[in-house]
>>> print(open('structure-v4.txt').read())   # compact mmCIF, C-alpha atoms
# COMPACT_ATOMS: atom_id res chain seq x y z
CA MET A 1040 73.89 59.40 162.48
CA LYS A 1041 77.63 59.40 161.87
CA ILE A 1042 78.30 57.74 165.22
CA LYS A 1043 75.81 54.97 164.46
CA GLY A 1044 77.40 54.45 161.06
CA TYR A 1045 80.86 54.20 162.60
CA ILE A 1046 79.57 51.70 165.18
CA VAL A 1047 78.21 49.44 162.44
CA LEU A 1048 81.48 49.75 160.52
CA LEU A 1049 83.42 48.91 163.70
CA LEU A 1050 81.28 45.81 164.18
CA VAL A 1051 82.15 44.73 160.66
CA PHE A 1052 85.85 45.18 161.39
CA ASN A 1053 85.57 43.28 164.68
CA CYS A 1054 83.71 40.38 163.12
CA PHE A 1055 86.29 39.94 160.37
CA SER A 1056 89.15 40.44 162.82
CA ALA A 1057 87.84 37.71 165.10
CA ILE A 1058 87.20 35.13 162.41
CA SER A 1059 90.49 35.81 160.62
CA GLN A 1060 92.33 34.38 163.63
CA ASP A 1061 90.08 31.35 164.01
CA SER A 1062 91.45 28.96 161.42
CA LEU A 1063 94.83 28.12 159.97
CA LEU A 1064 93.08 27.25 156.72
CA VAL A 1065 92.05 30.85 156.13
CA ASN A 1066 93.83 32.55 153.24
CA LYS A 1067 94.83 35.66 155.18
CA LYS A 1068 95.86 37.59 152.09
CA ARG A 1069 92.48 37.05 150.47
CA LEU A 1070 90.64 37.76 153.73
CA LYS A 1071 92.54 41.01 154.13
CA THR A 1072 91.50 41.98 150.60
CA VAL A 1073 87.88 41.19 151.44
CA ILE A 1074 87.97 43.19 154.68
CA ILE A 1075 89.53 46.25 153.08
CA THR A 1076 87.34 46.17 149.97
CA GLU A 1077 84.06 45.71 151.82
CA SER A 1078 84.91 48.28 154.49
CA VAL A 1079 85.91 50.89 151.92
CA LEU A 1080 82.78 50.22 149.87
CA TYR A 1081 80.57 50.39 152.95
CA ALA A 1082 82.11 53.58 154.33
CA GLY A 1083 82.23 55.17 150.88
CA THR A 1084 78.61 54.33 150.08
CA MET A 1085 77.32 55.54 153.44
CA GLY A 1086 79.39 58.72 153.15
CA LEU A 1087 78.19 59.36 149.60
CA LEU A 1088 74.56 58.86 150.57
CA ALA A 1089 74.90 61.12 153.62
CA THR A 1090 76.64 63.97 151.77
CA GLN A 1091 74.98 63.77 148.36
CA TRP A 1092 71.55 62.14 148.59
CA TYR A 1093 70.38 62.87 152.13
CA SER A 1094 71.95 66.34 152.23
CA LYS A 1095 69.22 67.42 149.78
CA GLU A 1096 66.52 66.32 152.24
CA ASP A 1097 65.38 68.24 155.32
CA ARG A 1098 66.99 66.72 158.42
CA THR A 1099 65.36 65.95 161.75
CA GLY A 1100 65.89 63.87 164.85
CA PHE A 1101 65.89 60.11 164.51
CA HIS A 1102 62.34 58.81 164.07
CA THR A 1103 60.44 55.85 162.66
CA PHE A 1104 58.06 55.71 159.70
CA ASN A 1105 55.37 53.10 159.04
CA ASP A 1106 55.24 52.45 155.30
CA ASN A 1107 54.15 48.82 155.49
CA LYS A 1108 50.95 49.40 153.51
CA GLN A 1109 52.58 51.30 150.65
CA TRP A 1110 53.23 50.09 147.09
CA LEU A 1111 51.39 46.82 147.83
CA GLN A 1112 54.58 45.77 149.65
CA MET A 1113 56.64 45.70 146.45
CA ASP A 1114 59.29 47.81 148.18
CA LYS A 1115 59.49 45.28 151.03
CA VAL A 1116 60.02 42.38 148.63
CA GLY A 1117 62.71 44.52 147.00
CA HIS A 1118 64.47 44.79 150.37
CA VAL A 1119 64.33 41.00 150.75
CA PHE A 1120 65.90 40.63 147.31
CA SER A 1121 68.65 43.21 147.96
CA ALA A 1122 69.58 41.80 151.38
CA TYR A 1123 69.61 38.25 150.01
CA GLN A 1124 71.77 39.03 146.99
CA THR A 1125 74.23 41.15 148.98
CA GLY A 1126 74.43 38.43 151.62
CA ARG A 1127 75.00 35.76 148.99
CA LEU A 1128 77.85 37.83 147.58
CA GLY A 1129 79.30 38.15 151.08
CA ILE A 1130 79.16 34.38 151.54
CA ASP A 1131 80.89 33.76 148.22
CA VAL A 1132 83.79 36.14 148.88
CA LEU A 1133 84.42 34.68 152.35
CA LYS A 1134 84.41 31.18 150.89
CA TRP A 1135 86.93 32.48 148.36
CA ALA A 1136 89.02 33.59 151.34
CA LYS A 1137 88.88 29.95 152.55
CA LEU A 1138 86.84 30.70 155.65
CA SER A 1139 84.92 27.73 157.06
CA ASP A 1140 81.51 27.25 155.47
CA ASP A 1141 79.59 28.03 158.66
CA LYS A 1142 81.47 31.23 159.39
CA ALA A 1143 81.28 32.32 155.76
CA ALA A 1144 77.52 31.82 155.93
CA ILE A 1145 77.01 33.75 159.16
CA PHE A 1146 79.40 36.65 158.64
CA GLY A 1147 79.14 36.89 154.86
CA GLY A 1148 75.37 36.49 154.81
CA SER A 1149 75.03 39.31 157.34
CA LEU A 1150 76.62 41.75 154.91
CA GLY A 1151 73.30 42.58 153.21
CA PHE A 1152 71.60 43.13 156.56
CA LEU A 1153 74.36 45.45 157.80
CA PHE A 1154 74.51 47.48 154.60
CA LEU A 1155 70.78 47.99 154.17
CA SER A 1156 70.28 48.64 157.88
CA GLY A 1157 72.86 51.42 157.57
CA VAL A 1158 70.71 52.97 154.87
CA GLU A 1159 67.69 52.65 157.18
CA VAL A 1160 69.55 54.61 159.86
CA LEU A 1161 70.13 57.41 157.34
CA ASP A 1162 66.42 57.30 156.49
CA GLY A 1163 65.69 57.72 160.18
CA PHE A 1164 67.18 61.22 160.12
CA SER A 1165 65.32 62.29 156.96
CA GLU A 1166 62.19 64.37 157.59
CA GLU A 1167 60.48 62.97 154.49
CA TRP A 1168 61.15 59.35 155.36
CA GLY A 1169 62.14 57.70 158.64
CA PHE A 1170 63.44 54.40 159.94
CA SER A 1171 61.10 51.68 158.68
CA TRP A 1172 60.67 48.59 160.84
CA GLY A 1173 59.07 46.93 157.82
CA ASP A 1174 62.20 47.51 155.75
CA PHE A 1175 64.34 46.34 158.67
CA GLY A 1176 62.31 43.14 158.90
CA ALA A 1177 62.57 42.56 155.15
CA ASN A 1178 66.35 43.02 155.36
CA THR A 1179 66.44 40.40 158.12
CA ILE A 1180 64.38 37.93 156.08
CA GLY A 1181 66.57 38.33 152.99
CA ALA A 1182 69.84 37.88 154.86
CA GLY A 1183 68.39 35.07 156.97
CA PHE A 1184 67.29 33.18 153.86
CA ALA A 1185 70.83 33.24 152.46
CA ILE A 1186 72.42 32.28 155.79
CA SER A 1187 69.97 29.49 156.70
CA GLN A 1188 70.38 27.72 153.35
CA GLU A 1189 74.15 27.68 153.67
CA LEU A 1190 73.95 26.32 157.22
CA LEU A 1191 71.33 23.68 156.37
CA PHE A 1192 72.35 22.58 152.88
CA GLY A 1193 75.80 24.05 152.25
CA ARG A 1194 74.49 25.80 149.13
CA GLN A 1195 71.64 27.95 147.84
CA ILE A 1196 68.79 25.66 146.84
CA GLY A 1197 66.44 28.64 146.56
CA LEU A 1198 67.40 31.89 144.85
CA VAL A 1199 65.68 35.28 145.11
CA LYS A 1200 65.69 36.80 141.61
CA PHE A 1201 64.50 39.88 139.73
CA SER A 1202 63.06 40.77 136.36
CA TYR A 1203 61.80 44.00 134.80
CA HIS A 1204 59.84 45.15 131.77
CA PRO A 1205 59.04 48.77 130.76
CA THR A 1206 55.52 50.03 131.45
CA ASP A 1207 53.37 53.00 130.40
CA PHE A 1208 52.85 54.08 134.01
CA ARG A 1209 56.22 55.82 134.26
CA ALA A 1210 55.27 58.43 131.64
CA TYR A 1211 52.45 59.79 133.82
CA ARG A 1212 54.58 60.29 136.94
CA PRO A 1213 58.26 60.29 135.96
CA THR A 1214 59.46 62.11 139.09
CA VAL A 1215 58.29 59.16 141.20
CA LEU A 1216 58.54 56.20 138.82
CA GLY A 1217 61.71 57.26 136.99
CA LYS A 1218 62.48 59.86 134.38
CA THR A 1219 64.62 57.48 132.32
CA GLU A 1220 64.34 53.81 131.46
CA GLN A 1221 67.35 53.10 133.65
CA ALA A 1222 65.74 54.88 136.60
CA GLY A 1223 62.51 53.01 135.92
CA ILE A 1224 64.24 49.70 136.63
CA LEU A 1225 64.80 50.87 140.21
CA LYS A 1226 61.68 52.97 140.77
CA ASP A 1227 58.80 51.69 138.64
CA TYR A 1228 57.28 48.92 140.75
CA ASN A 1229 54.75 48.21 137.99
CA GLY A 1230 57.48 46.72 135.83
CA GLN A 1231 59.33 44.81 138.55
CA THR A 1232 58.80 41.17 139.42
CA TYR A 1233 60.54 39.35 142.26
CA TRP A 1234 60.98 35.60 142.11
CA LEU A 1235 61.70 32.69 144.40
CA THR A 1236 63.45 30.08 142.29
CA LEU A 1237 63.85 26.51 143.57
CA ASN A 1238 66.27 24.07 141.97
CA LEU A 1239 64.24 21.04 140.86
CA LYS A 1240 67.09 18.56 141.14
CA ASP A 1241 67.81 19.66 144.71
CA ILE A 1242 64.20 19.44 145.91
CA THR A 1243 63.29 16.19 144.10
CA GLY A 1244 66.61 14.32 144.08
CA SER A 1245 65.78 13.04 140.59
CA LYS A 1246 68.73 12.13 138.39
CA LEU A 1247 66.59 12.71 135.29
CA ILE A 1248 66.30 16.47 135.85
CA PRO A 1249 69.09 18.72 134.54
CA GLN A 1250 70.99 20.33 137.42
CA TRP A 1251 70.28 23.82 136.04
CA LEU A 1252 66.47 23.50 135.73
CA SER A 1253 64.37 25.33 138.32
CA ILE A 1254 60.76 26.23 139.07
CA SER A 1255 59.96 29.79 140.04
CA GLY A 1256 57.14 31.69 141.74
CA GLY A 1257 56.88 35.44 141.17
CA TYR A 1258 55.20 38.45 142.76
CA SER A 1259 54.51 41.86 141.27
CA ALA A 1260 51.90 44.62 141.27
CA THR A 1261 50.31 46.91 138.72
CA GLY A 1262 48.36 50.17 138.72
CA LEU A 1263 50.77 51.86 141.12
CA PHE A 1264 51.16 55.62 140.66
CA GLY A 1265 51.73 56.34 144.35
CA GLY A 1266 52.67 54.63 147.59
CA GLY A 1267 49.41 54.48 149.53
CA VAL A 1268 46.90 55.79 146.98
CA ASN A 1269 47.08 56.95 143.38
CA PRO A 1270 46.99 60.74 142.90
CA SER A 1271 44.59 62.26 140.38
CA GLU A 1272 47.33 64.32 138.71
CA ASN A 1273 51.11 64.58 138.66
CA SER A 1274 53.35 67.47 139.75
CA ALA A 1275 52.91 69.15 136.34
CA GLY A 1276 49.13 69.13 136.69
CA VAL A 1277 48.62 66.39 134.11
CA SER A 1278 45.72 64.05 134.87
CA ILE A 1279 46.61 60.50 135.84
CA PRO A 1280 44.35 57.66 134.67
CA ASN A 1281 42.05 56.19 137.32
CA VAL A 1282 43.16 52.57 137.49
CA ASN A 1283 42.84 49.84 140.09
CA ARG A 1284 45.84 48.54 142.00
CA TYR A 1285 46.36 44.80 141.71
CA ARG A 1286 48.72 42.16 143.07
CA GLN A 1287 49.97 39.67 140.52
CA TYR A 1288 51.38 36.18 141.01
CA TYR A 1289 53.33 34.02 138.59
CA ILE A 1290 54.48 30.45 138.12
CA SER A 1291 57.30 29.79 135.68
CA LEU A 1292 60.37 27.77 134.84
CA ASP A 1293 63.83 29.20 135.38
CA ILE A 1294 67.49 28.40 134.80
CA ASP A 1295 70.10 28.39 137.55
CA LEU A 1296 72.87 29.91 135.47
CA GLU A 1297 75.61 28.93 137.93
CA ARG A 1298 74.83 25.26 137.39
CA ILE A 1299 75.23 25.27 133.62
CA PRO A 1300 78.26 23.03 132.97
CA THR A 1301 81.17 24.89 131.39
CA LYS A 1302 84.95 24.69 131.47
CA SER A 1303 85.36 28.36 130.62
CA THR A 1304 86.35 30.45 133.63
CA PHE A 1305 85.12 33.61 131.91
CA LEU A 1306 81.73 32.10 131.07
CA LYS A 1307 81.39 30.64 134.55
CA THR A 1308 82.09 34.04 136.11
CA THR A 1309 79.67 35.77 133.75
CA LEU A 1310 76.86 33.31 134.45
CA LYS A 1311 77.39 33.65 138.18
CA ALA A 1312 77.25 37.45 137.96
CA LEU A 1313 73.97 37.32 136.00
CA ASN A 1314 72.27 34.73 138.20
CA PHE A 1315 70.22 37.33 140.06
CA ILE A 1316 68.13 37.80 136.89
CA LYS A 1317 65.11 35.57 136.23
CA VAL A 1318 65.48 34.00 132.79
CA PRO A 1319 62.43 34.75 130.57
CA LEU A 1320 60.65 31.42 130.05
CA PRO A 1321 57.01 30.22 129.72
CA THR A 1322 54.98 31.79 132.53
CA VAL A 1323 51.40 31.81 133.82
CA ARG A 1324 50.09 34.96 135.54
CA PHE A 1325 47.32 35.02 138.15
CA GLN A 1326 45.48 38.26 139.01
CA ASP A 1327 42.28 39.03 140.93
CA GLY A 1328 39.25 39.35 138.67
CA LYS A 1329 41.03 37.97 135.62
CA SER A 1330 41.58 34.55 134.13
CA PRO A 1331 45.10 33.14 134.25
CA LYS A 1332 47.20 34.46 131.39
CA PHE A 1333 49.96 32.51 129.63
CA TYR A 1334 53.16 34.18 128.36
CA PRO A 1335 55.53 32.22 126.10
CA PHE A 1336 58.28 34.39 127.56
CA TYR A 1337 57.78 36.74 130.49
CA PHE A 1338 60.37 39.19 131.74
>>> encode(input="structure-v4.txt", output="structure tokens")
Amino acid sequence: MKIKGYIVLLLVFNCFSAISQDSLLVNKKRLKTVIITESVLYAGTMGLLATQWYSKEDRTGFHTFNDNKQWLQMDKVGHVFSAYQTGRLGIDVLKWAKLSDDKAAIFGGSLGFLFLSGVEVLDGFSEEWGFSWGDFGANTIGAGFAISQELLFGRQIGLVKFSYHPTDFRAYRPTVLGKTEQAGILKDYNGQTYWLTLNLKDITGSKLIPQWLSISGGYSATGLFGGGVNPSENSAGVSIPNVNRYRQYYISLDIDLERIPTKSTFLKTTLKALNFIKVPLPTVRFQDGKSPKFYPFYF
């Protein structure tokens, strides 16, 4: 495991080393800051996970684990989101270092794939889990979506976003869905929604549409107390309600926060940092067996 982690880290170093010598326009001081910061964060995160999180799990030889049918694929969409957002951050920081747009897209966008694939390797040595090809594929899709948009359009026309609302499901199985509200944001799939937001001005070319207005399609699930099936009771022996598991789909408006005109550097930075969150706006929900439901504001 450690050797594989070092190999990935070495690849990161080699990639940045090669591209840093490719253009006289590169701001070498900024690029050096990016290389050091990302490498330290990567090595530190992998080391922390290996010594703190995975050390509590029983270890075994490297193996794979097929979890593609679990959680109605909410976890897979979460991997797409994480890889996309990490890759988008990688692209932005390499552009800040004045790397060419194409190289910033390829090397920066790969950051999410490399990071999450490192976590998958650690999973591969955990007896409870295992290396998931489904997760690996989702990581590839997320990073590829960020990279391909930069190469084709020079910007992100489509954004992968996230929203969350508290649910009652977490109270029945807190060890799995989160013991606290903060943990629930990460673990309670019933309250998570993942969105694909498309900028309307970019896709229509209309000058009448504000540059920040977007349309968004969402995916979520409900009735999830377990990965493959819902248990009848939790670890404390408390009965869990017998509910059906449903996929849910949404259509909504959204705001691309980065495209809101402002002369304030602070506000511009804040809006950019928050642009992974879907703005709560009028939304219609579609679910099997139920009529479409309208929400004035859905989060």
>>> residues_around(input="structure-v4.txt", residues="segment 1313-1318 of chain A", least_positions_apart="3", cutoff="7 Å", atoms="only C-alpha atoms", output="compact mmCIF listing (two decimals) with C-alpha atoms, keeping the file's coordinate frame")
# COMPACT_ATOMS: atom_id res chain seq x y z
CA LYS A 1200 65.69 36.80 141.61
CA PHE A 1201 64.50 39.88 139.73
CA SER A 1202 63.06 40.77 136.36
CA ASP A 1293 63.83 29.20 135.38
CA ILE A 1294 67.49 28.40 134.80
CA ASP A 1295 70.10 28.39 137.55
CA LEU A 1296 72.87 29.91 135.47
CA GLU A 1297 75.61 28.93 137.93
CA THR A 1309 79.67 35.77 133.75
CA LEU A 1310 76.86 33.31 134.45
>>> residues_around(input="structure-v4.txt", residues="segment 1233-1243 of chain A", least_positions_apart="2", cutoff="8 Å", atoms="all atoms listed in the file", output="JSON, numbers by chain")
{"A": [1116, 1117, 1120, 1196, 1197, 1198, 1199, 1200, 1201, 1202, 1231, 1245, 1246, 1248, 1249, 1250, 1251, 1252, 1253, 1254, 1255, 1256, 1257, 1258, 1259, 1293, 1295, 1317]}
>>> write_last_selection(input="structure-v4.txt", atoms="C-alpha atoms", output="PDB file, in the coordinates of the input")
ATOM      1  CA  VAL A1116      60.020  42.380 148.630  1.00  0.00           C
ATOM      2  CA  GLY A1117      62.710  44.520 147.000  1.00  0.00           C
ATOM      3  CA  PHE A1120      65.900  40.630 147.310  1.00  0.00           C
ATOM      4  CA  ILE A1196      68.790  25.660 146.840  1.00  0.00           C
ATOM      5  CA  GLY A1197      66.440  28.640 146.560  1.00  0.00           C
ATOM      6  CA  LEU A1198      67.400  31.890 144.850  1.00  0.00           C
ATOM      7  CA  VAL A1199      65.680  35.280 145.110  1.00  0.00           C
ATOM      8  CA  LYS A1200      65.690  36.800 141.610  1.00  0.00           C
ATOM      9  CA  PHE A1201      64.500  39.880 139.730  1.00  0.00           C
ATOM     10  CA  SER A1202      63.060  40.770 136.360  1.00  0.00           C
ATOM     11  CA  GLN A1231      59.330  44.810 138.550  1.00  0.00           C
ATOM     12  CA  SER A1245      65.780  13.040 140.590  1.00  0.00           C
ATOM     13  CA  LYS A1246      68.730  12.130 138.390  1.00  0.00           C
ATOM     14  CA  ILE A1248      66.300  16.470 135.850  1.00  0.00           C
ATOM     15  CA  PRO A1249      69.090  18.720 134.540  1.00  0.00           C
ATOM     16  CA  GLN A1250      70.990  20.330 137.420  1.00  0.00           C
ATOM     17  CA  TRP A1251      70.280  23.820 136.040  1.00  0.00           C
ATOM     18  CA  LEU A1252      66.470  23.500 135.730  1.00  0.00           C
ATOM     19  CA  SER A1253      64.370  25.330 138.320  1.00  0.00           C
ATOM     20  CA  ILE A1254      60.760  26.230 139.070  1.00  0.00           C
ATOM     21  CA  SER A1255      59.960  29.790 140.040  1.00  0.00           C
ATOM     22  CA  GLY A1256      57.140  31.690 141.740  1.00  0.00           C
ATOM     23  CA  GLY A1257      56.880  35.440 141.170  1.00  0.00           C
ATOM     24  CA  TYR A1258      55.200  38.450 142.760  1.00  0.00           C
ATOM     25  CA  SER A1259      54.510  41.860 141.270  1.00  0.00           C
ATOM     26  CA  ASP A1293      63.830  29.200 135.380  1.00  0.00           C
ATOM     27  CA  ASP A1295      70.100  28.390 137.550  1.00  0.00           C
ATOM     28  CA  LYS A1317      65.110  35.570 136.230  1.00  0.00           C
TER      29      LYS A1317
END
>>> residues_around(input="structure-v4.txt", residues="Lys1115 of chain A", least_positions_apart="3", cutoff="10 Å", atoms="all atoms listed in the file", output="PyMOL selection string")
chain A and resi 1106-1112+1118-1121+1173-1178
>>> residues_near_point(input="structure-v4.txt", point="(67.7, 29.8, 152.3)", cutoff="8 Å", atoms="all atoms listed in the file", output="short mmCIF file (atom, residue, chain, number, x, y, z; two decimals) with C-alpha atoms, keeping the file's coordinate frame")
data_model
loop_
_atom_site.label_atom_id
_atom_site.label_comp_id
_atom_site.auth_asym_id
_atom_site.auth_seq_id
_atom_site.Cartn_x
_atom_site.Cartn_y
_atom_site.Cartn_z
CA GLY A 1183 68.39 35.07 156.97
CA PHE A 1184 67.29 33.18 153.86
CA ALA A 1185 70.83 33.24 152.46
CA ILE A 1186 72.42 32.28 155.79
CA SER A 1187 69.97 29.49 156.70
CA GLN A 1188 70.38 27.72 153.35
CA GLU A 1189 74.15 27.68 153.67
CA GLN A 1195 71.64 27.95 147.84
CA ILE A 1196 68.79 25.66 146.84
CA GLY A 1197 66.44 28.64 146.56
CA LEU A 1198 67.40 31.89 144.85
#
>>> closest_residue(input="structure-v4.txt", among="A:Pro1300, A:Gln1326, A:Ser1291, A:Met1113", to="Gly1265 of chain A", atoms="all atoms listed in the file")
A:Met1113
>>> build_atoms(input="structure-v4.txt", residues="segment 1278-1294 of chain A", atoms="N, CA and C atoms", output="PDB file, keeping the file's coordinate frame")
ATOM      1  N   SER A1278      46.598  65.057 134.280  1.00  0.00           N
ATOM      2  CA  SER A1278      45.720  64.050 134.870  1.00  0.00           C
ATOM      3  C   SER A1278      46.328  62.650 134.752  1.00  0.00           C
ATOM      4  N   ILE A1279      46.138  61.873 135.796  1.00  0.00           N
ATOM      5  CA  ILE A1279      46.610  60.500 135.840  1.00  0.00           C
ATOM      6  C   ILE A1279      45.406  59.574 135.699  1.00  0.00           C
ATOM      7  N   PRO A1280      45.485  58.568 134.853  1.00  0.00           N
ATOM      8  CA  PRO A1280      44.350  57.660 134.670  1.00  0.00           C
ATOM      9  C   PRO A1280      43.903  57.023 135.990  1.00  0.00           C
ATOM     10  N   ASN A1281      42.603  56.841 136.129  1.00  0.00           N
ATOM     11  CA  ASN A1281      42.050  56.190 137.320  1.00  0.00           C
ATOM     12  C   ASN A1281      42.057  54.683 137.096  1.00  0.00           C
ATOM     13  N   VAL A1282      43.013  54.013 137.671  1.00  0.00           N
ATOM     14  CA  VAL A1282      43.160  52.570 137.490  1.00  0.00           C
ATOM     15  C   VAL A1282      43.182  51.889 138.847  1.00  0.00           C
ATOM     16  N   ASN A1283      42.798  50.623 138.866  1.00  0.00           N
ATOM     17  CA  ASN A1283      42.840  49.840 140.090  1.00  0.00           C
ATOM     18  C   ASN A1283      44.242  49.309 140.342  1.00  0.00           C
ATOM     19  N   ARG A1284      44.547  49.087 141.595  1.00  0.00           N
ATOM     20  CA  ARG A1284      45.840  48.540 142.000  1.00  0.00           C
ATOM     21  C   ARG A1284      45.677  47.046 142.269  1.00  0.00           C
ATOM     22  N   TYR A1285      46.491  46.241 141.606  1.00  0.00           N
ATOM     23  CA  TYR A1285      46.360  44.800 141.710  1.00  0.00           C
ATOM     24  C   TYR A1285      47.692  44.140 142.086  1.00  0.00           C
ATOM     25  N   ARG A1286      47.579  43.067 142.865  1.00  0.00           N
ATOM     26  CA  ARG A1286      48.720  42.160 143.070  1.00  0.00           C
ATOM     27  C   ARG A1286      48.701  41.129 141.944  1.00  0.00           C
ATOM     28  N   GLN A1287      49.867  40.674 141.560  1.00  0.00           N
ATOM     29  CA  GLN A1287      49.970  39.670 140.520  1.00  0.00           C
ATOM     30  C   GLN A1287      50.922  38.561 140.966  1.00  0.00           C
ATOM     31  N   TYR A1288      50.577  37.335 140.622  1.00  0.00           N
ATOM     32  CA  TYR A1288      51.380  36.180 141.010  1.00  0.00           C
ATOM     33  C   TYR A1288      51.708  35.361 139.765  1.00  0.00           C
ATOM     34  N   TYR A1289      52.854  34.719 139.778  1.00  0.00           N
ATOM     35  CA  TYR A1289      53.330  34.020 138.590  1.00  0.00           C
ATOM     36  C   TYR A1289      53.899  32.646 138.962  1.00  0.00           C
ATOM     37  N   ILE A1290      53.790  31.735 138.026  1.00  0.00           N
ATOM     38  CA  ILE A1290      54.480  30.450 138.120  1.00  0.00           C
ATOM     39  C   ILE A1290      55.217  30.246 136.807  1.00  0.00           C
ATOM     40  N   SER A1291      56.479  29.849 136.892  1.00  0.00           N
ATOM     41  CA  SER A1291      57.300  29.790 135.680  1.00  0.00           C
ATOM     42  C   SER A1291      58.435  28.797 135.873  1.00  0.00           C
ATOM     43  N   LEU A1292      59.115  28.509 134.784  1.00  0.00           N
ATOM     44  CA  LEU A1292      60.370  27.770 134.840  1.00  0.00           C
ATOM     45  C   LEU A1292      61.517  28.783 134.881  1.00  0.00           C
ATOM     46  N   ASP A1293      62.662  28.328 135.321  1.00  0.00           N
ATOM     47  CA  ASP A1293      63.830  29.200 135.380  1.00  0.00           C
ATOM     48  C   ASP A1293      65.083  28.365 135.174  1.00  0.00           C
ATOM     49  N   ILE A1294      66.198  29.052 134.971  1.00  0.00           N
ATOM     50  CA  ILE A1294      67.490  28.400 134.800  1.00  0.00           C
ATOM     51  C   ILE A1294      68.455  28.926 135.852  1.00  0.00           C
TER      52      ILE A1294
END
